$ cat upload24.txt   # compact mmCIF, C-alpha atoms
# COMPACT_ATOMS: atom_id res chain seq x y z
CA LEU A 1 30.08 13.33 10.29
CA GLN A 2 29.42 10.88 13.05
CA ARG A 3 27.68 11.98 16.24
CA ALA A 4 28.85 10.60 19.56
CA GLY A 5 27.26 7.26 20.34
CA GLU A 6 26.13 6.50 16.81
CA GLU A 7 27.54 3.82 14.59
CA ALA A 8 29.00 5.13 11.34
CA GLY A 9 26.46 3.40 9.07
CA LYS A 10 23.45 4.95 10.77
CA SER A 11 24.94 8.42 10.88
CA ASP A 12 26.02 8.24 7.22
CA MET A 13 22.60 7.07 5.96
CA VAL A 14 20.68 9.68 7.93
CA GLN A 15 23.09 12.45 6.96
CA ALA A 16 22.97 11.45 3.27
CA MET A 17 19.15 11.56 3.23
CA GLY A 18 19.15 14.92 5.02
CA GLU A 19 21.64 16.35 2.53
CA THR A 20 19.62 14.98 -0.40
CA VAL A 21 16.40 16.63 0.79
CA ALA A 22 18.28 19.88 1.53
CA THR A 23 19.71 19.84 -2.01
CA ILE A 24 16.23 19.41 -3.51
CA ILE A 25 14.92 22.35 -1.46
CA SER A 26 17.93 24.52 -2.34
CA THR A 27 17.68 23.70 -6.05
CA CYS A 28 13.99 24.64 -6.08
CA ARG A 29 14.71 27.96 -4.38
CA GLN A 30 17.53 28.74 -6.82
CA SER A 31 15.00 28.21 -9.61
CA SER A 32 12.50 30.57 -7.92
CA VAL A 33 10.19 27.66 -7.12
CA GLU A 34 8.79 27.33 -3.62
CA PRO A 35 9.84 23.82 -2.58
CA LEU A 36 7.28 21.29 -1.44
CA VAL A 37 8.79 18.09 -0.10
CA ARG A 38 6.64 15.20 1.12
CA LEU A 39 8.70 12.11 1.72
CA THR A 40 8.44 8.62 3.04
CA ALA A 41 11.32 6.38 2.11
CA ALA A 42 13.08 3.23 3.21
CA LEU A 43 16.78 2.50 2.68
CA SER A 44 18.93 -0.46 3.64
CA ASP A 45 22.63 -1.19 3.79
CA GLY A 46 21.97 -4.93 3.90
CA HIS A 47 22.06 -5.07 7.70
CA ASN A 48 19.91 -2.14 8.81
CA ILE A 49 16.69 -0.58 7.55
CA PHE A 50 16.10 3.16 7.76
CA GLY A 51 12.61 4.57 7.31
CA PHE A 52 12.09 8.32 6.86
CA ARG A 53 8.96 10.44 7.29
CA TYR A 54 9.32 14.12 6.43
CA SER A 55 7.42 17.07 5.00
CA ASN A 56 8.14 20.77 4.89
CA ASP A 57 4.44 21.66 4.97
CA LYS A 58 1.43 20.64 7.08
CA THR A 59 0.69 17.50 5.06
CA CYS A 60 3.03 14.59 5.70
CA PRO A 61 2.76 11.14 4.10
CA SER A 62 2.06 8.36 6.56
CA LEU A 63 4.52 5.76 7.77
CA TYR A 64 3.67 2.93 10.15
CA LEU A 65 5.75 0.52 12.16
CA GLY A 66 4.22 -2.88 12.81
CA THR A 67 5.40 -5.65 15.09
CA ASN A 68 4.12 -9.16 15.65
CA GLY A 69 5.76 -10.35 18.82
CA ASP A 70 9.23 -11.71 18.09
CA SER A 71 8.43 -12.75 14.52
CA GLY A 72 9.35 -9.57 12.69
CA VAL A 73 8.90 -5.91 11.93
CA CYS A 74 7.08 -4.17 9.06
CA LEU A 75 7.64 -0.60 7.90
CA VAL A 76 4.74 0.40 5.63
CA SER A 77 2.78 3.41 4.38
CA GLU A 78 -0.51 2.09 5.81
CA PRO A 79 -1.35 -0.65 8.33
CA LEU A 80 -1.76 -4.00 6.61
CA ASP A 81 -4.65 -5.14 8.81
CA GLY A 82 -7.19 -3.79 11.27
CA GLU A 83 -5.34 -4.88 14.40
CA SER A 84 -4.49 -1.40 15.71
CA GLU A 85 -2.45 -2.63 18.69
CA ARG A 86 0.10 -3.97 16.21
CA TRP A 87 0.71 -0.65 14.42
CA ARG A 88 2.06 2.70 15.51
CA SER A 89 2.39 5.81 13.41
CA VAL A 90 5.94 7.05 12.98
CA PRO A 91 6.07 10.70 14.10
CA ARG A 92 6.46 13.42 11.48
CA SER A 93 10.09 14.46 10.81
CA SER A 94 11.46 11.16 12.10
CA VAL A 95 13.77 8.37 11.07
CA VAL A 96 13.24 4.75 12.13
CA HIS A 97 16.33 2.57 12.45
CA ILE A 98 15.68 -1.19 12.48
CA THR A 99 18.78 -3.28 13.19
CA SER A 100 19.47 -6.77 11.89
CA ASP A 101 18.66 -8.19 15.33
CA GLY A 102 15.26 -6.46 15.37
CA GLN A 103 15.97 -3.50 17.62
CA ILE A 104 13.93 -0.43 16.73
CA ASN A 105 15.01 3.17 17.34
CA VAL A 106 12.99 6.23 16.35
CA CYS A 107 14.57 9.68 16.44
CA GLY A 108 14.11 13.11 14.90
CA PHE A 109 15.05 13.77 11.27
CA GLU A 110 16.19 17.33 10.68
CA VAL A 111 16.76 18.89 7.27
CA ARG A 112 18.94 21.99 7.18
CA ALA A 113 18.07 23.79 3.99
$ encode --input "upload24.txt" --output "structure tokens"
Amino acid sequence: LQRAGEEAGKSDMVQAMGETVATIISTCRQSSVEPLVRLTAALSDGHNIFGFRYSNDKTCPSLYLGTNGDSGVCLVSEPLDGESERWRSVPRSSVVHITSDGQINVCGFEVRA
């Protein structure tokens, strides 16, 4: 389902990841296993990059967004150098959307399980 103001590709990718994580949690519970999900992932449709940071407990894997002026964007698990002004931590339970023209949007990532 597409939310107002979102392009179909973004909404579909985010929804698919949310449904995948929810299915993992549901399957664990059906097997009487308490689910523990710690996730960082990056997906692309060839035009956009989506980075996800999520955990259903207090420990969440790291995900960093790095920029170097107009020359590009990096989405990595740890900063690649010691220049802290270049890197920002992606908030827990978030999705990063990087467009083909370099625009960066960060919003909440909710899993309904």
$ residues_around --input "upload24.txt" --residues "Gly108 in chain A" --least-positions-apart "6" --cutoff "7 Å" --atoms "only C-alpha atoms" --output "list in words"
Ser93, Ser94 and Val95 of chain A
$ residues_around --input "upload24.txt" --residues "Ser55 in chain A" --least-positions-apart "2" --cutoff "6 Å" --atoms "all atoms listed in the file" --output "VMD selection string"
chain A and resid 37 to 38 57 60
$ residues_around --input "upload24.txt" --residues "Tyr54 in chain A" --least-positions-apart "5" --cutoff "12 Å" --atoms "all atoms listed in the file" --output "PDB file with C-alpha atoms, keeping the file's coordinate frame"
ATOM      1  CA  MET A  17      19.150  11.560   3.230  1.00  0.00           C
ATOM      2  CA  GLY A  18      19.150  14.920   5.020  1.00  0.00           C
ATOM      3  CA  VAL A  21      16.400  16.630   0.790  1.00  0.00           C
ATOM      4  CA  ALA A  22      18.280  19.880   1.530  1.00  0.00           C
ATOM      5  CA  LEU A  36       7.280  21.290  -1.440  1.00  0.00           C
ATOM      6  CA  VAL A  37       8.790  18.090  -0.100  1.00  0.00           C
ATOM      7  CA  ARG A  38       6.640  15.200   1.120  1.00  0.00           C
ATOM      8  CA  LEU A  39       8.700  12.110   1.720  1.00  0.00           C
ATOM      9  CA  THR A  40       8.440   8.620   3.040  1.00  0.00           C
ATOM     10  CA  ALA A  41      11.320   6.380   2.110  1.00  0.00           C
ATOM     11  CA  ALA A  42      13.080   3.230   3.210  1.00  0.00           C
ATOM     12  CA  THR A  59       0.690  17.500   5.060  1.00  0.00           C
ATOM     13  CA  CYS A  60       3.030  14.590   5.700  1.00  0.00           C
ATOM     14  CA  PRO A  61       2.760  11.140   4.100  1.00  0.00           C
ATOM     15  CA  SER A  62       2.060   8.360   6.560  1.00  0.00           C
ATOM     16  CA  LEU A  63       4.520   5.760   7.770  1.00  0.00           C
ATOM     17  CA  VAL A  90       5.940   7.050  12.980  1.00  0.00           C
ATOM     18  CA  PRO A  91       6.070  10.700  14.100  1.00  0.00           C
ATOM     19  CA  ARG A  92       6.460  13.420  11.480  1.00  0.00           C
ATOM     20  CA  SER A  93      10.090  14.460  10.810  1.00  0.00           C
ATOM     21  CA  SER A  94      11.460  11.160  12.100  1.00  0.00           C
ATOM     22  CA  VAL A  95      13.770   8.370  11.070  1.00  0.00           C
ATOM     23  CA  VAL A  96      13.240   4.750  12.130  1.00  0.00           C
ATOM     24  CA  GLY A 108      14.110  13.110  14.900  1.00  0.00           C
ATOM     25  CA  PHE A 109      15.050  13.770  11.270  1.00  0.00           C
ATOM     26  CA  GLU A 110      16.190  17.330  10.680  1.00  0.00           C
ATOM     27  CA  VAL A 111      16.760  18.890   7.270  1.00  0.00           C
TER      28      VAL A 111
END
$ residues_around --input "upload24.txt" --residues "Ser100 in chain A" --least-positions-apart "3" --cutoff "8 Å" --atoms "only C-alpha atoms" --output "ChimeraX atom specification"
/A:47-48,103
$ write_last_selection --input "upload24.txt" --atoms "C-alpha atoms" --output "PDB file, in the frame of the given file"
ATOM      1  CA  HIS A  47      22.060  -5.070   7.700  1.00  0.00           C
ATOM      2  CA  ASN A  48      19.910  -2.140   8.810  1.00  0.00           C
ATOM      3  CA  GLN A 103      15.970  -3.500  17.620  1.00  0.00           C
TER       4      GLN A 103
END
$ atom_distance --input "upload24.txt" --atom1 "CA of Glu78 in chain A" --atom2 "CA of Phe50 in chain A"
16.8 Å
$ atom_distance --input "upload24.txt" --atom1 "CA of Ala16 in chain A" --atom2 "CA of Pro35 in chain A"
19.0 Å
$ atom_distance --input "upload24.txt" --atom1 "CA of Arg29 in chain A" --atom2 "CA of Met13 in chain A"
24.6 Å
$ build_atoms --input "upload24.txt" --residues "range 50-66 of chain A" --atoms "N, CA and C atoms" --output "PDB file, in the frame of the given file"
ATOM      1  N   PHE A  50      16.365   1.797   7.329  1.00  0.00           N
ATOM      2  CA  PHE A  50      16.100   3.160   7.760  1.00  0.00           C
ATOM      3  C   PHE A  50      14.824   3.628   7.080  1.00  0.00           C
ATOM      4  N   GLY A  51      13.847   4.038   7.857  1.00  0.00           N
ATOM      5  CA  GLY A  51      12.610   4.570   7.310  1.00  0.00           C
ATOM      6  C   GLY A  51      12.498   6.046   7.658  1.00  0.00           C
ATOM      7  N   PHE A  52      12.150   6.871   6.674  1.00  0.00           N
ATOM      8  CA  PHE A  52      12.090   8.320   6.860  1.00  0.00           C
ATOM      9  C   PHE A  52      10.679   8.824   6.625  1.00  0.00           C
ATOM     10  N   ARG A  53      10.245   9.743   7.474  1.00  0.00           N
ATOM     11  CA  ARG A  53       8.960  10.440   7.290  1.00  0.00           C
ATOM     12  C   ARG A  53       9.237  11.922   7.460  1.00  0.00           C
ATOM     13  N   TYR A  54       8.974  12.691   6.397  1.00  0.00           N
ATOM     14  CA  TYR A  54       9.320  14.120   6.430  1.00  0.00           C
ATOM     15  C   TYR A  54       8.404  14.897   5.487  1.00  0.00           C
ATOM     16  N   SER A  55       8.113  16.119   5.864  1.00  0.00           N
ATOM     17  CA  SER A  55       7.420  17.070   5.000  1.00  0.00           C
ATOM     18  C   SER A  55       7.780  18.471   5.456  1.00  0.00           C
ATOM     19  N   ASN A  56       7.871  19.390   4.505  1.00  0.00           N
ATOM     20  CA  ASN A  56       8.140  20.770   4.890  1.00  0.00           C
ATOM     21  C   ASN A  56       6.872  21.625   4.846  1.00  0.00           C
ATOM     22  N   ASP A  57       5.711  20.965   4.825  1.00  0.00           N
ATOM     23  CA  ASP A  57       4.440  21.660   4.970  1.00  0.00           C
ATOM     24  C   ASP A  57       3.573  20.891   5.969  1.00  0.00           C
ATOM     25  N   LYS A  58       2.298  21.254   6.069  1.00  0.00           N
ATOM     26  CA  LYS A  58       1.430  20.640   7.080  1.00  0.00           C
ATOM     27  C   LYS A  58       0.999  19.220   6.738  1.00  0.00           C
ATOM     28  N   THR A  59       1.107  18.832   5.481  1.00  0.00           N
ATOM     29  CA  THR A  59       0.690  17.500   5.060  1.00  0.00           C
ATOM     30  C   THR A  59       1.908  16.600   4.972  1.00  0.00           C
ATOM     31  N   CYS A  60       1.881  15.505   5.693  1.00  0.00           N
ATOM     32  CA  CYS A  60       3.030  14.590   5.700  1.00  0.00           C
ATOM     33  C   CYS A  60       2.541  13.182   5.373  1.00  0.00           C
ATOM     34  N   PRO A  61       3.160  12.516   4.406  1.00  0.00           N
ATOM     35  CA  PRO A  61       2.760  11.140   4.100  1.00  0.00           C
ATOM     36  C   PRO A  61       2.880  10.254   5.336  1.00  0.00           C
ATOM     37  N   SER A  62       2.058   9.239   5.381  1.00  0.00           N
ATOM     38  CA  SER A  62       2.060   8.360   6.560  1.00  0.00           C
ATOM     39  C   SER A  62       3.149   7.303   6.473  1.00  0.00           C
ATOM     40  N   LEU A  63       3.564   6.857   7.642  1.00  0.00           N
ATOM     41  CA  LEU A  63       4.520   5.760   7.770  1.00  0.00           C
ATOM     42  C   LEU A  63       4.196   5.043   9.074  1.00  0.00           C
ATOM     43  N   TYR A  64       4.043   3.729   8.989  1.00  0.00           N
ATOM     44  CA  TYR A  64       3.670   2.930  10.150  1.00  0.00           C
ATOM     45  C   TYR A  64       4.698   1.848  10.417  1.00  0.00           C
ATOM     46  N   LEU A  65       4.858   1.565  11.690  1.00  0.00           N
ATOM     47  CA  LEU A  65       5.750   0.520  12.160  1.00  0.00           C
ATOM     48  C   LEU A  65       4.868  -0.558  12.775  1.00  0.00           C
ATOM     49  N   GLY A  66       5.022  -1.783  12.294  1.00  0.00           N
ATOM     50  CA  GLY A  66       4.220  -2.880  12.810  1.00  0.00           C
ATOM     51  C   GLY A  66       5.093  -3.983  13.365  1.00  0.00           C
TER      52      GLY A  66
END
